[in-house]
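run-v7.txt (compact mmCIF, C-alpha atoms and all ligand atoms)
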```txt
# COMPACT_ATOMS: atom_id res chain seq x y z
CA MET A 1 -163.06 58.99 234.00
CA GLN A 2 -162.70 59.35 230.25
CA PRO A 3 -159.13 59.88 229.05
CA ARG A 4 -158.72 63.26 227.43
CA ALA A 5 -158.37 63.08 223.65
CA SER A 6 -155.23 65.17 223.94
CA ALA A 7 -153.64 62.60 226.27
CA VAL A 8 -153.00 60.29 223.31
CA ALA A 9 -151.47 63.03 221.19
CA ALA A 10 -149.38 64.17 224.15
CA ASP A 11 -147.54 60.83 224.13
CA ARG A 12 -146.43 61.37 220.58
CA PRO A 13 -143.26 63.38 219.94
CA ARG A 14 -143.69 66.93 218.74
CA VAL A 15 -141.32 68.75 216.36
CA ARG A 16 -140.93 72.54 216.44
CA LEU A 17 -138.67 74.71 214.31
CA VAL A 18 -136.67 77.11 216.50
CA ARG A 19 -134.56 78.83 213.83
CA LYS A 20 -134.47 78.40 210.09
CA GLY A 21 -130.88 78.02 208.93
CA SER A 22 -129.26 80.21 206.31
CA LEU A 23 -126.71 79.78 203.57
CA VAL A 24 -125.15 82.61 201.55
CA ARG A 25 -123.21 81.84 198.37
CA GLU A 26 -120.97 83.88 196.12
CA GLY A 27 -120.95 81.85 192.94
CA ALA A 28 -120.28 78.28 194.04
CA ARG A 29 -118.54 79.33 197.26
CA VAL A 30 -120.39 79.35 200.59
CA VAL A 31 -119.48 82.62 202.31
CA ASP A 32 -121.82 82.47 205.30
CA ALA A 33 -123.83 79.70 206.92
CA SER A 34 -125.72 79.07 210.14
CA SER A 35 -127.70 75.91 210.80
CA THR A 36 -131.36 75.27 211.33
CA VAL A 37 -132.19 74.63 215.00
CA THR A 38 -135.03 72.24 215.89
CA LEU A 39 -136.74 71.34 219.15
CA VAL A 40 -138.20 67.87 219.65
CA GLU A 41 -140.43 67.17 222.65
CA ALA A 42 -140.86 63.50 223.47
CA SER A 43 -141.70 61.50 226.60
CA GLY A 44 -141.48 64.67 228.68
CA LYS A 45 -137.93 65.39 227.43
CA HIS A 46 -136.60 68.27 225.34
CA ILE A 47 -134.15 67.59 222.54
CA ILE A 48 -132.41 70.25 220.47
CA VAL A 49 -131.00 69.26 217.10
CA ASP A 50 -128.09 71.49 216.03
CA THR A 51 -127.33 74.84 217.62
CA GLY A 52 -126.13 77.17 214.85
CA LEU A 53 -123.16 79.52 214.58
CA PRO A 54 -121.65 81.12 217.75
CA ARG A 55 -122.53 84.54 216.33
CA ASP A 56 -126.22 83.63 216.46
CA CYS A 57 -126.45 82.45 220.10
CA ASP A 58 -128.24 85.62 221.26
CA LYS A 59 -130.78 85.24 218.47
CA LEU A 60 -131.25 81.59 219.39
CA LEU A 61 -131.90 82.52 223.02
CA PHE A 62 -134.45 85.09 221.90
CA ASP A 63 -136.20 82.52 219.68
CA LEU A 64 -136.27 79.94 222.48
CA ASN A 65 -137.68 82.52 224.89
CA SER A 66 -140.37 83.56 222.48
CA MET A 67 -141.54 79.95 222.18
CA ARG A 68 -141.35 79.58 225.99
CA ALA A 69 -138.60 76.97 225.79
CA ASP A 70 -136.08 77.21 228.62
CA PRO A 71 -132.51 76.22 227.60
CA GLU A 72 -131.91 74.95 231.16
CA THR A 73 -134.58 72.29 230.68
CA VAL A 74 -133.12 70.89 227.47
CA ASP A 75 -132.11 67.31 228.22
CA VAL A 76 -130.35 66.38 225.00
CA VAL A 77 -128.50 68.17 222.20
CA VAL A 78 -127.83 66.21 219.02
CA ASN A 79 -125.27 67.66 216.61
CA THR A 80 -125.87 66.31 213.12
CA HIS A 81 -122.12 66.87 212.61
CA LEU A 82 -119.47 69.05 214.19
CA HIS A 83 -118.97 71.83 211.65
CA MET A 84 -119.00 75.04 213.69
CA ASP A 85 -122.19 76.33 212.07
CA HIS A 86 -124.08 73.35 213.59
CA CYS A 87 -122.67 73.22 217.13
CA GLY A 88 -121.69 76.81 217.91
CA CYS A 89 -124.23 77.36 220.70
CA ASN A 90 -124.10 73.98 222.47
CA GLU A 91 -123.06 75.86 225.62
CA LEU A 92 -126.49 77.51 225.84
CA PHE A 93 -127.74 74.17 227.15
CA PRO A 94 -125.82 73.51 230.37
CA ASN A 95 -127.84 70.49 231.48
CA ALA A 96 -127.98 68.67 228.16
CA ILE A 97 -126.23 65.47 227.25
CA VAL A 98 -124.64 66.08 223.84
CA TYR A 99 -124.70 63.38 221.18
CA ALA A 100 -122.50 63.26 218.09
CA HIS A 101 -121.06 60.54 215.89
CA VAL A 102 -117.69 59.11 216.91
CA LEU A 103 -116.27 59.83 213.43
CA GLU A 104 -116.80 63.57 214.05
CA ASP A 105 -114.12 63.33 216.75
CA PRO A 106 -116.36 64.92 219.40
CA PRO A 107 -114.90 66.63 222.46
CA VAL A 108 -114.59 64.83 225.79
CA GLY A 109 -117.94 64.52 227.55
CA THR A 110 -119.91 64.00 224.34
CA ASN A 111 -122.02 60.89 224.05
CA ARG A 112 -120.47 59.22 221.01
CA VAL A 113 -122.71 57.21 218.73
CA SER A 114 -121.55 54.87 216.01
CA GLY A 115 -124.79 53.33 214.72
CA ALA A 116 -128.50 54.01 214.94
CA VAL A 117 -129.63 54.91 218.47
CA THR A 118 -133.17 55.15 219.81
CA LEU A 119 -133.10 58.22 222.07
CA LEU A 120 -136.74 57.95 223.14
CA PRO A 121 -139.80 56.19 221.71
CA GLY A 122 -140.28 57.67 218.24
CA VAL A 123 -136.95 59.53 218.24
CA GLU A 124 -133.93 57.93 216.62
CA ILE A 125 -130.42 59.05 215.68
CA VAL A 126 -129.60 57.58 212.27
CA PRO A 127 -126.20 57.71 210.55
CA THR A 128 -126.50 59.60 207.23
CA PRO A 129 -122.85 59.99 206.17
CA GLY A 130 -121.51 61.73 203.08
CA HIS A 131 -121.27 65.43 203.85
CA THR A 132 -118.92 64.36 206.65
CA PRO A 133 -118.01 60.80 207.70
CA GLY A 134 -120.07 61.06 210.90
CA SER A 135 -123.12 63.00 209.74
CA VAL A 136 -126.31 61.84 211.44
CA SER A 137 -129.99 62.69 211.15
CA VAL A 138 -132.73 62.58 213.77
CA PHE A 139 -135.80 60.67 212.63
CA VAL A 140 -138.95 61.54 214.57
CA SER A 141 -142.26 59.71 214.32
CA ALA A 142 -144.57 62.55 215.31
CA GLU A 143 -147.96 63.31 213.70
CA LYS A 144 -145.89 62.81 210.56
CA ARG A 145 -142.44 61.31 209.93
CA TYR A 146 -139.83 64.06 210.28
CA ALA A 147 -136.17 63.80 209.26
CA ILE A 148 -134.01 66.49 210.82
CA CYS A 149 -131.04 65.92 208.63
CA GLY A 150 -128.39 68.62 208.89
CA ASP A 151 -126.26 68.85 205.78
CA ALA A 152 -127.24 65.43 204.47
CA ILE A 153 -129.81 67.67 202.74
CA PRO A 154 -128.70 71.29 203.30
CA GLN A 155 -131.52 73.00 201.39
CA LYS A 156 -134.80 72.30 199.62
CA ALA A 157 -132.99 72.99 196.32
CA ASN A 158 -130.93 69.83 196.88
CA TYR A 159 -134.17 67.84 197.11
CA ASP A 160 -135.77 69.61 194.13
CA SER A 161 -132.76 68.96 191.89
CA ASN A 162 -131.88 65.59 193.46
CA THR A 163 -128.35 66.84 194.16
CA PRO A 164 -126.31 65.77 197.17
CA PRO A 165 -124.58 68.45 199.26
CA ALA A 166 -121.94 70.33 197.24
CA ILE A 167 -119.49 69.87 200.10
CA ALA A 168 -119.16 66.11 200.57
CA PHE A 169 -116.26 63.94 201.62
CA ASP A 170 -117.97 61.06 199.77
CA ARG A 171 -120.52 61.94 197.11
CA GLY A 172 -121.69 58.33 196.67
CA LEU A 173 -122.43 57.98 200.37
CA ALA A 174 -124.08 61.42 200.40
CA THR A 175 -126.39 60.33 197.57
CA LYS A 176 -127.32 57.10 199.37
CA SER A 177 -128.03 58.95 202.63
CA MET A 178 -130.21 61.47 200.83
CA GLU A 179 -132.19 58.67 199.15
CA MET A 180 -132.65 56.92 202.48
CA ILE A 181 -133.94 60.11 204.15
CA ILE A 182 -136.34 60.89 201.30
CA GLY A 183 -137.51 57.26 201.31
CA TRP A 184 -138.49 57.44 204.98
CA ALA A 185 -139.56 61.00 205.73
CA GLN A 186 -142.78 62.86 205.05
CA ILE A 187 -141.29 66.16 206.19
CA ILE A 188 -137.63 67.12 205.89
CA ILE A 189 -135.97 69.74 208.08
CA PRO A 190 -132.78 70.59 206.20
CA GLY A 191 -129.53 71.94 207.61
CA HIS A 192 -129.82 75.44 206.16
CA ASP A 193 -133.43 75.96 205.15
CA GLY A 194 -137.01 75.69 206.36
CA PRO A 195 -139.01 72.44 206.56
CA PHE A 196 -140.57 71.05 203.41
CA ASP A 197 -142.85 68.15 202.43
CA VAL A 198 -141.65 65.11 200.56
CA VAL A 199 -143.96 65.08 197.55
CA GLY A 200 -146.38 62.21 197.07
CA LYS A 201 -145.67 60.63 200.45
CA ARG A 202 -148.37 58.89 202.49
ZN ZN A 301 -121.53 71.08 207.47
```
Do you think you could lay out the structure here as structure tokens?
Amino acid sequence: MQPRASAVAADRPRVRLVRKGSLVREGARVVDASSTVTLVEASGKHIIVDTGLPRDCDKLLFDLNSMRADPETVDVVVNTHLHMDHCGCNELFPNAIVYAHVLEDPPVGTNRVSGAVTLLPGVEIVPTPGHTPGSVSVFVSAEKRYAICGDAIPQKANYDSNTPPAIAFDRGLATKSMEMIIGWAQIIIPGHDGPFDVVGKR
């Protein structure tokens, strides 16, 4: 029997945007923020990257339902860092193992990472510190190379103006992390904005 053409593609991870994050400023001050939420499907597993602000959990449930994704079947949640606007709805995923960097001081029961970790073939947690000491990104080799990067790159405007996140415990590290992400990725999913292409990338 001939293998179906789709069988090959099915082995490759797939990246789907669940919710586009938001960021509201008054002058230079951030007055409201909720994170982007992303679903990665790989090797038959479901991975959610960041879960948004507690206020938005109902909206997140609605979005998951409308894309026929069942929170109960999510195997892994990765928090790019532990600011409340990125981990506020972790409890929507009762069966997930939660991953966060040890320097974020994660709660008991979290799977603490300290370096790069391959979660599944084509899906890697990569330290991208600067915004916080333990910020991580999720690099996914899907039909293109996706970096789901939390506040290492909060918005497309940071990429356009080559500016690291305004809130950074270490600006030098934040700049290096941003360069590393842009060097690798073809598509960036930022912490508080929709996905965008890295220009001129093969
Ligand atoms: Zn943050």
Could I get the residues of chain A with an atom no further than 9 Å from an atom of ligand ZN 301 (chain A), each paired with its nearest atom pair and that distance in Å to one decimal, using only C-alpha atoms and all ligand atoms, sorted by chain and residue number, as a Markdown table?
```
| residue | atom | partner | partner_atom | distance |
| --- | --- | --- | --- | --- |
| A:Ala33 | CA | A:ZN301 | ZN | 8.9 |
| A:Ser35 | CA | A:ZN301 | ZN | 8.5 |
| A:Thr80 | CA | A:ZN301 | ZN | 8.6 |
| A:His81 | CA | A:ZN301 | ZN | 6.7 |
| A:Leu82 | CA | A:ZN301 | ZN | 7.3 |
| A:His83 | CA | A:ZN301 | ZN | 5.0 |
| A:Met84 | CA | A:ZN301 | ZN | 7.8 |
| A:Asp85 | CA | A:ZN301 | ZN | 7.0 |
| A:His86 | CA | A:ZN301 | ZN | 7.0 |
| A:His131 | CA | A:ZN301 | ZN | 6.7 |
| A:Thr132 | CA | A:ZN301 | ZN | 7.3 |
| A:Ser135 | CA | A:ZN301 | ZN | 8.5 |
| A:Gly150 | CA | A:ZN301 | ZN | 7.4 |
| A:Asp151 | CA | A:ZN301 | ZN | 5.5 |
| A:Ala152 | CA | A:ZN301 | ZN | 8.6 |
| A:Pro154 | CA | A:ZN301 | ZN | 8.3 |
| A:Ile167 | CA | A:ZN301 | ZN | 7.7 |
| A:Ala168 | CA | A:ZN301 | ZN | 8.8 |
| A:Gly191 | CA | A:ZN301 | ZN | 8.0 |
```
*Can you list, as a ChimeraX atom specification, every protein, DNA or RNA residue that comes within 9 Å of Asn95 (chain A) when you count only C-alpha atoms, leaving out same-chain residues fewer than 3 positions away?*
/A:71-76
_Close residues, Tyr146 (chain A) itself excluded, 7 Å, only C-alpha atoms, min 3 positions apart in chain, as number ranges by chain_ = A: 139-141, 185-188
*In the coordinate frame of the file, compute which residues have an atom within 9 Å of (-120.2, 59.2, 218.9) when using only C-alpha atoms, and state them as an MDAnalysis selection string.*
chainID A and resid 99:106 110:115 134
*Select, from A:Thr163, A:Ser137, A:Gln155, A:Asn65, the residue with the minimum atom-to-atom distance to Gly21 (chain A), counting all atoms listed in the file.*
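Of the candidates, the smallest distance to Gly21 (chain A) is held by A:Gln155.
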_Between CA of Ala96 (chain A) and CA of Gly194 (chain A), what distance in Å does the model show, to one decimal?_
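The value is 24.6 Å.
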*Can you work out which one of A:Lys45, A:Val136, A:His192, A:Pro127 has the shortest atom-to-atom distance to Asn158 (chain A), counting all atoms listed in the file?*
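Smallest separation from Asn158 (chain A) among the options: A:His192.
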*Have a look at CA of Leu60 (chain A) and CA of Thr36 (chain A) and let me know their distance in Å, one decimal.*
10.2 Å
